[in-house]
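What's in target-v8.txt: compact mmCIF, C-alpha atoms
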# COMPACT_ATOMS: atom_id res chain seq x y z
CA MET A 78 16.46 167.25 -12.96
CA ASP A 79 18.32 164.58 -11.10
CA TYR A 80 16.75 161.16 -11.33
CA ARG A 81 19.37 159.32 -9.35
CA PHE A 82 16.97 158.98 -6.44
CA ILE A 83 14.39 157.30 -8.66
CA GLU A 84 17.04 155.08 -10.23
CA GLN A 85 18.16 154.01 -6.80
CA LEU A 86 14.60 153.29 -5.78
CA ILE A 87 14.10 151.17 -8.89
CA GLU A 88 17.21 149.20 -8.10
CA ARG A 89 16.13 148.65 -4.53
CA TYR A 90 12.60 147.82 -5.68
CA PHE A 91 13.83 144.92 -7.78
CA ALA A 92 16.02 143.79 -4.89
CA CYS A 93 12.94 143.81 -2.64
CA GLU A 94 14.43 146.40 -0.31
CA THR A 95 11.90 149.18 -0.68
CA SER A 96 9.25 150.05 1.88
CA LEU A 97 5.59 150.47 0.98
CA GLN A 98 6.03 154.26 0.99
CA GLU A 99 8.96 154.08 -1.41
CA GLU A 100 7.01 151.80 -3.70
CA GLN A 101 4.20 154.35 -3.64
CA ILE A 102 6.65 157.05 -4.71
CA LEU A 103 7.69 154.91 -7.67
CA LYS A 104 4.10 154.22 -8.64
CA THR A 105 3.26 157.92 -8.47
CA PHE A 106 6.34 158.87 -10.43
CA PHE A 107 5.63 156.47 -13.27
CA THR A 108 1.92 157.21 -13.56
CA GLN A 109 2.47 160.91 -14.19
CA ASP A 110 2.52 162.41 -17.66
CA VAL A 111 4.81 160.33 -19.88
CA GLU A 112 6.57 163.49 -21.10
CA GLN A 113 7.82 164.14 -17.57
CA VAL A 114 9.62 160.83 -17.40
CA PRO A 115 13.15 160.88 -18.82
CA ASN A 116 13.77 158.63 -21.81
CA GLU A 117 16.04 156.21 -20.04
CA LEU A 118 13.38 155.49 -17.43
CA ARG A 119 10.44 155.18 -19.83
CA PRO A 120 10.79 151.39 -20.24
CA TYR A 121 9.72 151.06 -16.61
CA ILE A 122 6.43 152.87 -17.13
CA PRO A 123 4.42 149.77 -18.08
CA VAL A 124 5.86 147.82 -15.15
CA PHE A 125 4.43 150.31 -12.69
CA ALA A 126 1.33 151.03 -14.75
CA ALA A 127 0.44 147.35 -14.44
CA MET A 128 0.25 147.87 -10.68
CA GLN A 129 -2.65 150.26 -10.79
CA PRO A 130 -5.74 148.65 -9.36
CA ALA A 131 -7.89 148.67 -12.45
CA GLU A 132 -10.54 146.00 -12.37
CA THR A 133 -13.67 146.65 -10.36
CA LEU A 134 -17.10 145.13 -9.84
CA GLY A 135 -20.27 147.07 -10.54
CA ASP A 136 -22.92 148.21 -8.07
CA ASP A 137 -25.28 145.48 -9.25
CA PHE A 138 -22.93 143.06 -7.52
CA ASP A 139 -23.75 144.66 -4.13
CA GLU A 140 -27.45 144.27 -4.75
CA ARG A 141 -27.07 140.64 -5.73
CA ILE A 142 -25.04 139.85 -2.63
CA LEU A 143 -27.39 141.71 -0.30
CA ALA A 144 -30.37 139.97 -1.87
CA GLN A 145 -28.67 136.62 -1.33
CA ILE A 146 -27.86 137.18 2.29
CA GLY A 147 -31.34 138.59 2.84
CA GLU A 148 -30.29 141.80 4.47
CA SER A 149 -32.08 144.41 2.45
CA GLN A 150 -32.27 147.28 4.89
CA THR A 151 -29.43 148.74 6.82
CA VAL A 152 -29.49 147.94 10.48
CA LYS A 153 -27.53 150.54 12.32
CA ALA A 154 -25.82 149.48 15.48
CA ARG A 155 -26.62 151.86 18.33
CA THR A 156 -24.40 152.07 21.36
CA ILE A 157 -26.33 152.47 24.59
CA SER A 158 -24.62 153.83 27.68
CA LEU A 159 -25.16 152.30 31.10
CA ALA A 160 -27.32 155.22 32.23
CA GLU A 161 -29.47 154.92 29.12
CA ARG A 162 -29.81 151.20 29.58
CA PHE A 163 -31.08 151.61 33.16
CA ARG A 164 -33.35 154.54 32.38
CA PRO A 165 -36.59 152.46 32.16
CA LEU A 166 -35.72 150.80 35.46
CA LEU A 167 -35.04 154.18 37.10
CA ARG A 168 -38.30 155.49 35.73
CA ALA A 169 -40.18 152.58 37.23
CA ALA A 170 -38.42 153.12 40.56
CA ALA A 171 -39.37 156.82 40.49
CA VAL A 172 -43.03 155.94 39.88
CA VAL A 173 -42.98 153.50 42.81
CA ALA A 174 -41.38 156.16 45.04
CA VAL A 175 -44.03 158.73 44.10
CA VAL A 176 -46.85 156.26 44.80
CA LEU A 177 -45.34 155.33 48.18
CA THR A 178 -44.88 158.98 49.19
CA LEU A 179 -48.44 159.85 48.25
CA GLY A 180 -49.75 156.80 50.10
CA ASN A 181 -47.83 157.74 53.22
CA ALA A 182 -49.03 161.32 53.12
CA MET A 183 -52.61 160.19 52.71
CA ASN A 184 -52.29 157.78 55.60
CA LEU A 185 -50.92 160.57 57.82
CA SER A 186 -53.73 162.93 56.94
CA ILE A 187 -56.33 160.26 57.78
CA GLN A 188 -54.66 159.58 61.16
CA SER A 189 -54.43 163.27 62.07
CA GLY A 190 -58.26 163.41 62.19
CA GLN A 191 -58.32 161.07 65.22
CA PRO A 192 -57.23 162.04 68.82
CA GLN A 193 -53.68 161.07 69.45
CA GLY A 194 -51.16 160.85 72.30
CA ASP A 195 -52.09 160.80 76.11
CA ASP A 196 -55.69 161.73 76.72
CA ILE A 197 -54.95 164.39 79.34
CA ASN A 198 -57.28 167.24 78.87
CA TYR A 199 -56.15 170.06 81.16
CA ALA A 200 -59.09 172.16 80.17
CA ALA A 201 -61.45 169.60 81.73
CA TYR A 202 -59.95 170.06 85.22
CA GLN A 203 -61.82 172.26 87.63
CA ASP A 204 -60.52 174.08 90.64
CA THR A 205 -61.62 172.45 93.92
CA PHE A 206 -60.64 175.26 96.28
CA ASP A 207 -61.41 178.93 96.20
CA ASP A 208 -58.90 179.90 98.89
CA PRO A 209 -55.23 179.35 97.99
CA SER A 210 -54.09 179.03 101.63
CA MET A 211 -56.60 176.24 102.19
CA ALA A 212 -55.39 174.48 99.10
CA TYR A 213 -51.83 174.87 100.36
CA ASP A 214 -52.73 173.28 103.71
CA GLN A 215 -54.47 170.42 101.97
CA VAL A 216 -51.43 169.71 99.75
CA GLU A 217 -49.14 169.99 102.80
CA ASP A 218 -51.26 167.43 104.68
CA ALA A 219 -51.26 165.07 101.72
CA LEU A 220 -47.50 165.27 101.29
CA GLN A 221 -47.00 164.82 105.06
CA LEU A 222 -49.11 161.68 104.83
CA VAL A 223 -46.91 160.34 102.03
CA SER A 224 -43.78 161.27 103.99
CA ASP A 225 -45.04 159.45 107.11
CA GLY A 226 -45.81 156.44 105.03
CA PHE A 227 -42.25 156.38 103.62
CA ALA A 228 -40.69 156.81 107.09
CA HIS A 229 -42.81 154.04 108.56
CA ALA A 230 -42.01 151.71 105.69
CA GLN A 231 -38.27 152.40 106.04
CA LYS A 232 -38.35 151.63 109.77
CA ALA A 233 -40.26 148.41 109.26
CA ASP A 234 -37.87 147.53 106.49
CA SER A 235 -34.76 147.98 108.66
CA ILE A 236 -36.28 145.87 111.50
CA ALA A 237 -37.12 143.13 109.00
CA MET A 238 -33.57 143.25 107.63
CA ASP A 239 -32.07 143.05 111.16
CA SER A 240 -34.14 139.99 112.01
CA LEU A 241 -33.15 138.45 108.66
CA TYR A 242 -29.49 139.02 109.40
CA SER A 243 -29.75 137.55 112.87
CA GLU A 244 -31.52 134.52 111.44
CA LEU A 245 -28.79 134.09 108.87
CA LYS A 246 -26.17 134.35 111.55
CA MET B 200 -13.18 145.34 19.60
CA LYS B 201 -14.83 147.19 16.78
CA LYS B 202 -18.19 145.89 15.63
CA ILE B 203 -18.09 144.57 12.08
CA ASP B 204 -20.85 145.55 9.73
CA PHE B 205 -21.31 143.65 6.47
CA ARG B 206 -22.23 146.70 4.41
CA THR B 207 -19.52 149.03 5.63
CA ASP B 208 -16.67 146.64 6.41
CA ILE B 209 -16.97 143.65 4.12
CA LEU B 210 -18.83 144.69 1.00
CA PRO B 211 -16.32 147.45 0.12
CA LEU B 212 -13.61 144.79 -0.09
CA LYS B 213 -15.26 143.41 -3.22
CA ASN B 214 -12.90 145.07 -5.71
CA GLU B 215 -9.80 144.01 -3.86
CA LEU B 216 -11.13 140.47 -3.64
CA TYR B 217 -12.13 140.56 -7.29
CA ARG B 218 -8.65 141.59 -8.42
CA LEU B 219 -7.07 138.87 -6.32
CA ALA B 220 -9.46 136.26 -7.68
CA LEU B 221 -8.81 137.54 -11.18
CA ARG B 222 -5.03 137.20 -10.74
CA ILE B 223 -5.53 133.59 -9.69
CA THR B 224 -8.29 132.41 -12.00
CA LEU B 225 -7.40 134.71 -14.92
CA ASN B 226 -11.04 134.79 -15.88
CA THR B 227 -13.47 137.63 -15.16
CA ALA B 228 -16.62 135.53 -14.78
CA GLU B 229 -14.87 133.01 -12.56
CA ALA B 230 -13.39 135.79 -10.45
CA GLU B 231 -16.79 137.39 -9.94
CA ASP B 232 -18.23 134.04 -8.89
CA VAL B 233 -15.38 133.57 -6.45
CA VAL B 234 -15.99 136.97 -4.85
CA GLN B 235 -19.69 136.21 -4.55
CA GLU B 236 -18.96 132.85 -2.97
CA THR B 237 -16.45 134.50 -0.62
CA MET B 238 -19.00 137.08 0.53
CA ILE B 239 -21.63 134.42 1.21
CA LYS B 240 -19.13 132.30 3.07
CA VAL B 241 -18.00 135.24 5.22
CA TRP B 242 -21.63 136.17 5.89
CA ASN B 243 -22.41 132.64 7.03
CA ARG B 244 -19.56 132.88 9.52
CA ARG B 245 -20.95 136.11 10.99
CA GLU B 246 -21.33 134.54 14.42
CA SER B 247 -17.56 134.36 14.77
CA TRP B 248 -16.60 137.73 13.23
CA HIS B 249 -15.66 139.11 16.62
CA GLU B 250 -12.98 136.45 16.99
CA ILE B 251 -11.26 137.42 13.76
CA GLU B 252 -8.25 139.67 14.07
CA SER B 253 -8.39 141.16 10.59
CA ILE B 254 -11.57 140.71 8.61
CA GLU B 255 -9.78 141.87 5.46
CA ALA B 256 -7.08 139.20 5.72
CA PHE B 257 -9.79 136.67 6.55
CA CYS B 258 -11.75 137.56 3.39
CA LEU B 259 -8.61 137.51 1.24
CA THR B 260 -7.66 134.08 2.55
CA ILE B 261 -11.10 132.65 1.82
CA CYS B 262 -11.12 134.29 -1.59
CA ARG B 263 -7.72 132.87 -2.48
CA ASN B 264 -8.64 129.38 -1.33
CA LEU B 265 -11.88 129.42 -3.29
CA ALA B 266 -10.08 130.66 -6.39
CA LEU B 267 -7.44 127.95 -6.03
CA ASP B 268 -10.19 125.35 -5.65
CA ARG B 269 -11.73 126.48 -8.88
CA ASN B 270 -8.41 126.39 -10.66
CA ARG B 271 -7.81 122.89 -9.44
CA ARG B 272 -11.27 121.73 -10.40
CA ALA B 273 -11.29 123.25 -13.84
CA GLU B 274 -7.57 122.84 -14.46
CA LEU B 275 -7.59 126.33 -15.69
CA ASN B 276 -4.13 127.10 -14.52
CA ASN B 277 -2.51 126.89 -17.92
CA ALA B 278 -2.74 130.64 -18.37
CA SER B 279 -5.80 131.35 -20.41
CA LEU B 280 -4.88 134.85 -21.39
CA ASP B 281 -8.12 136.62 -21.03
CA GLU B 282 -7.70 140.06 -22.43
CA GLY B 283 -11.31 141.03 -22.13
CA TYR B 284 -10.95 142.62 -18.72
CA ASP B 285 -8.19 144.96 -19.68
CA PRO B 286 -9.49 148.51 -19.36
CA ALA B 287 -8.37 151.32 -21.59
CA ASP B 288 -5.46 153.21 -20.21
CA HIS B 289 -5.92 156.97 -20.18
CA SER B 290 -2.77 157.84 -18.34
CA TYR B 291 -0.78 158.81 -21.41
CA SER B 292 -1.28 162.01 -23.26
CA ALA B 293 1.38 161.35 -25.90
CA ASN B 294 0.63 160.77 -29.56
CA PRO B 295 -1.48 157.77 -30.60
CA GLU B 296 1.55 155.83 -31.77
CA GLU B 297 3.24 156.25 -28.43
CA GLN B 298 -0.02 155.39 -26.69
CA ALA B 299 -0.37 152.21 -28.71
CA SER B 300 3.13 151.11 -27.98
CA GLN B 301 2.71 151.88 -24.28
CA ARG B 302 -0.46 149.81 -24.27
CA ASP B 303 1.36 146.96 -25.96
CA ARG B 304 4.05 147.12 -23.33
CA LEU B 305 1.49 147.16 -20.55
CA GLN B 306 -0.10 144.08 -22.08
CA LEU B 307 3.28 142.47 -22.21
CA VAL B 308 3.93 143.14 -18.52
CA ARG B 309 0.52 141.78 -17.63
CA LYS B 310 1.15 138.64 -19.67
CA ILE B 311 4.47 138.14 -17.98
CA MET B 312 2.79 138.51 -14.61
CA GLU B 313 0.08 136.06 -15.55
CA GLN B 314 2.65 133.47 -16.45
CA LEU B 315 4.25 133.58 -13.03
CA PRO B 316 3.51 130.77 -10.58
CA GLU B 317 0.32 131.38 -8.60
CA LYS B 318 2.05 132.16 -5.31
CA GLN B 319 4.27 134.79 -6.89
CA ARG B 320 1.29 136.25 -8.73
CA THR B 321 -0.75 136.51 -5.53
CA CYS B 322 2.14 137.99 -3.58
CA ILE B 323 2.89 140.64 -6.18
CA GLN B 324 -0.81 141.43 -6.52
CA LEU B 325 -1.22 142.02 -2.80
CA ARG B 326 2.04 143.92 -2.45
CA ASP B 327 2.32 146.03 -5.58
CA VAL B 328 -1.32 146.57 -6.47
CA GLU B 329 -3.06 146.55 -3.11
CA GLY B 330 -0.11 147.91 -1.10
CA LYS B 331 -0.14 145.31 1.68
CA SER B 332 2.72 144.75 4.11
CA TYR B 333 4.74 141.53 4.09
CA LYS B 334 3.10 140.57 7.35
CA GLU B 335 -0.42 140.95 6.01
CA ILE B 336 0.43 138.92 2.92
CA ALA B 337 1.97 136.22 5.09
CA THR B 338 -1.29 136.01 7.07
CA VAL B 339 -3.41 135.74 3.94
CA LEU B 340 -1.24 133.07 2.29
CA GLU B 341 -0.56 131.32 5.59
CA ILE B 342 3.20 131.25 4.94
CA SER B 343 6.14 132.98 6.63
CA GLU B 344 7.11 136.59 5.92
CA GLN B 345 10.42 135.36 4.59
CA GLN B 346 8.66 133.19 2.04
CA VAL B 347 6.52 136.14 1.00
CA LYS B 348 9.63 138.19 0.43
CA VAL B 349 11.24 135.42 -1.60
CA ASN B 350 8.15 135.09 -3.76
CA ILE B 351 7.96 138.82 -4.38
CA PHE B 352 11.67 138.97 -5.15
CA ARG B 353 11.39 136.19 -7.71
CA ALA B 354 8.30 137.72 -9.26
CA ARG B 355 9.92 141.14 -9.64
CA GLN B 356 13.09 139.63 -11.03
CA ALA B 357 11.10 137.56 -13.51
CA VAL B 358 9.14 140.61 -14.68
CA LYS B 359 12.29 142.66 -15.00
CA GLN B 360 14.23 140.03 -16.91
CA LYS B 361 11.48 138.90 -19.23
CA TYR B 362 10.20 142.37 -19.91
CA LEU B 363 13.55 144.03 -20.48
CA GLU B 364 14.64 141.07 -22.61
CA GLN B 365 11.65 141.53 -24.88
CA GLU B 366 12.19 145.26 -24.94
CA GLN B 367 15.79 144.90 -26.03
CA TYR B 368 15.28 142.27 -28.69
CA GLY B 369 12.20 143.83 -30.08
CA LEU B 370 8.51 143.14 -29.83
Mind turning this structure into structure tokens?
Amino acid sequence: MDYRFIEQLIERYFACETSLQEEQILKTFFTQDVEQVPNELRPYIPVFAAMQPAETLGDDFDERILAQIGESQTVKARTISLAERFRPLLRAAAVVAVVLTLGNAMNLSIQSGQPQGDDINYAAYQDTFDDPSMAYDQVEDALQLVSDGFAHAQKADSIAMDSLYSELK
Amino acid sequence: MKKIDFRTDILPLKNELYRLALRITLNTAEAEDVVQETMIKVWNRRESWHEIESIEAFCLTICRNLALDRNRRAELNNASLDEGYDPADHSYSANPEEQASQRDRLQLVRKIMEQLPEKQRTCIQLRDVEGKSYKEIATVLEISEQQVKVNIFRARQAVKQKYLEQEQYGL
């Protein structure tokens, strides 16, 4: 196997020219089975082995810290959408709307019991004439009377206007 | 911005913080204390979490500063080579002799790293162990990216020279 690539990487590593990915390749290469590493590269094994994150803290540390900051139970953050946030308000508005509608309906039903509109009761009228031709004559006379009245008023009106004009002149 | 939760976002950083504190203080008990202090300090600043760009970098910075404070106070910086924290290495399946010599070499590399100046040690810890970018390290240490690169370069060169020197002239 050709190890020139690894050798190059090692050279560039010590010159600080490797990227994080390339350094990871080196770390992986040197932490594999020692038999797989060629003899000439074996001296580098401890250099890269020393880079393995080894030291850790136990779980009792977590408990101690959490006890100290006084946060024993997990509080989960819950994200509430705008619709969810306004839901109680909408519910209240719906209740108000229902109450208003019912109130209105009740009011209407109470009012419908009483007489409403113009109090013209056609059923209460009684015929005054038995003979239609007589009734016709009567109506004709009445209308004639109204017509005479109008004509008289118009004449009087025009005379009054003429005298008014002459006075103004 | 994402909501930060202490349990899911900050507490899991404990091992990373612990290793950083350990690199600086070189003492397991001190390092654990530093991490604890860091967590409490971060918790007490919870009102301003939303203003922080990277909570991880923020924690690392606090952790480093606290560890440095301790070093200064106790004047511990003269490399007390605590070997108690060194876990057994199971990554070699070769014969016991080979395993022993590999372990010795690993110890040697660790000792060399511990003797580096603090800045170089922190830089190499964050880069090579925790896999952080130059930019992230620069934020944590509050120095320029160029300075981070210089520190890492010097640290790697020092490890290479000292280690290979010892290898060549015998342990």
Show which residues sit within 8 Å of region 247-251 of chain B, as JSON, numbers by chain. Count only C-alpha atoms, and ignore same-chain residues fewer than 2 positions away. {"B": [200, 202, 203, 244, 245, 253, 254, 257]}
Which of these residues is nearest to Gln129 (chain A), using all atoms listed in the file: B:Lys318, B:Arg218, B:Arg355, B:Arg206?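 Ranked by minimum distance to Gln129 (chain A), first place goes to B:Arg218.
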Nearest to Tyr121 (chain A) among A:Asp234, A:Asp136, A:Glu84, A:Glu94, with distances taken over all atoms listed in the file: which residue is it? A:Glu84
Between A:Leu220, A:Leu179, A:Leu167, A:Ile87, which is the closest to chain B once you count all atoms listed in the file?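 Residue with the minimum atom-to-atom distance to chain B: A:Ile87.
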Could you work out how far CA of Gly330 (chain B) lies from CA of Tyr362 (chain B), giving the answer in Å with one decimal?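 Between CA of Tyr362 (chain B) and CA of Gly330 (chain B) the gap is 22.2 Å.
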CA of Leu86 (chain A) to CA of Gln356 (chain B), distance in Å rounded to a single decimal: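 Taking CA of Leu86 (chain A) and CA of Gln356 (chain B), their separation equals 14.7 Å.
Distances from A:Ala200, A:Leu245, A:Val172, A:Val124 to chain B were compared using all atoms listed in the file, and the smallest one belongs to A:Val124.
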Can you tell me which residues surround Ile351 (chain B) at a distance of at most 10 Å, considering all atoms listed in the file, apart from same-chain residues fewer than 3 positions away, and format the answer as a PyMOL selection string? (chain A and resi 91-93) or (chain B and resi 318-327+333+345-348+354-357)
In Å, with one decimal, what is the gap from CA of Asp208 (chain B) to CA of Arg263 (chain B)?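 About the pair CA of Asp208 (chain B) and CA of Arg263 (chain B): they are 18.7 Å apart.
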Please identify every residue of chain A that has at least one atom no farther than 7 Å from an atom of chain B, counting only C-alpha atoms, and for each give the shortest atom pair and the distance in Å to one decimal, arranged by chain then increasing number, as CSV.
residue,atom,partner,partner_atom,distance
A:Phe91,CA,B:Arg355,CA,5.7
A:Ala92,CA,B:Phe352,CA,6.5
A:Cys93,CA,B:Phe352,CA,5.6
A:Leu97,CA,B:Gly330,CA,6.6
A:Thr108,CA,B:Ser290,CA,6.7
A:Asp110,CA,B:Tyr291,CA,6.2
A:Val111,CA,B:Tyr291,CA,6.0
A:Pro123,CA,B:Leu305,CA,4.6
A:Val124,CA,B:Val308,CA,6.1
A:Ala126,CA,B:Leu305,CA,7.0
A:Ala127,CA,B:Leu305,CA,6.2
A:Met128,CA,B:Val328,CA,4.7
A:Gln129,CA,B:Val328,CA,5.8
A:Pro130,CA,B:Val328,CA,5.7
A:Glu132,CA,B:Arg218,CA,6.2
A:Thr133,CA,B:Asn214,CA,5.0
A:Leu134,CA,B:Asn214,CA,5.9
A:Ile142,CA,B:Gln235,CA,6.7
A:Ile146,CA,B:Ile239,CA,6.9
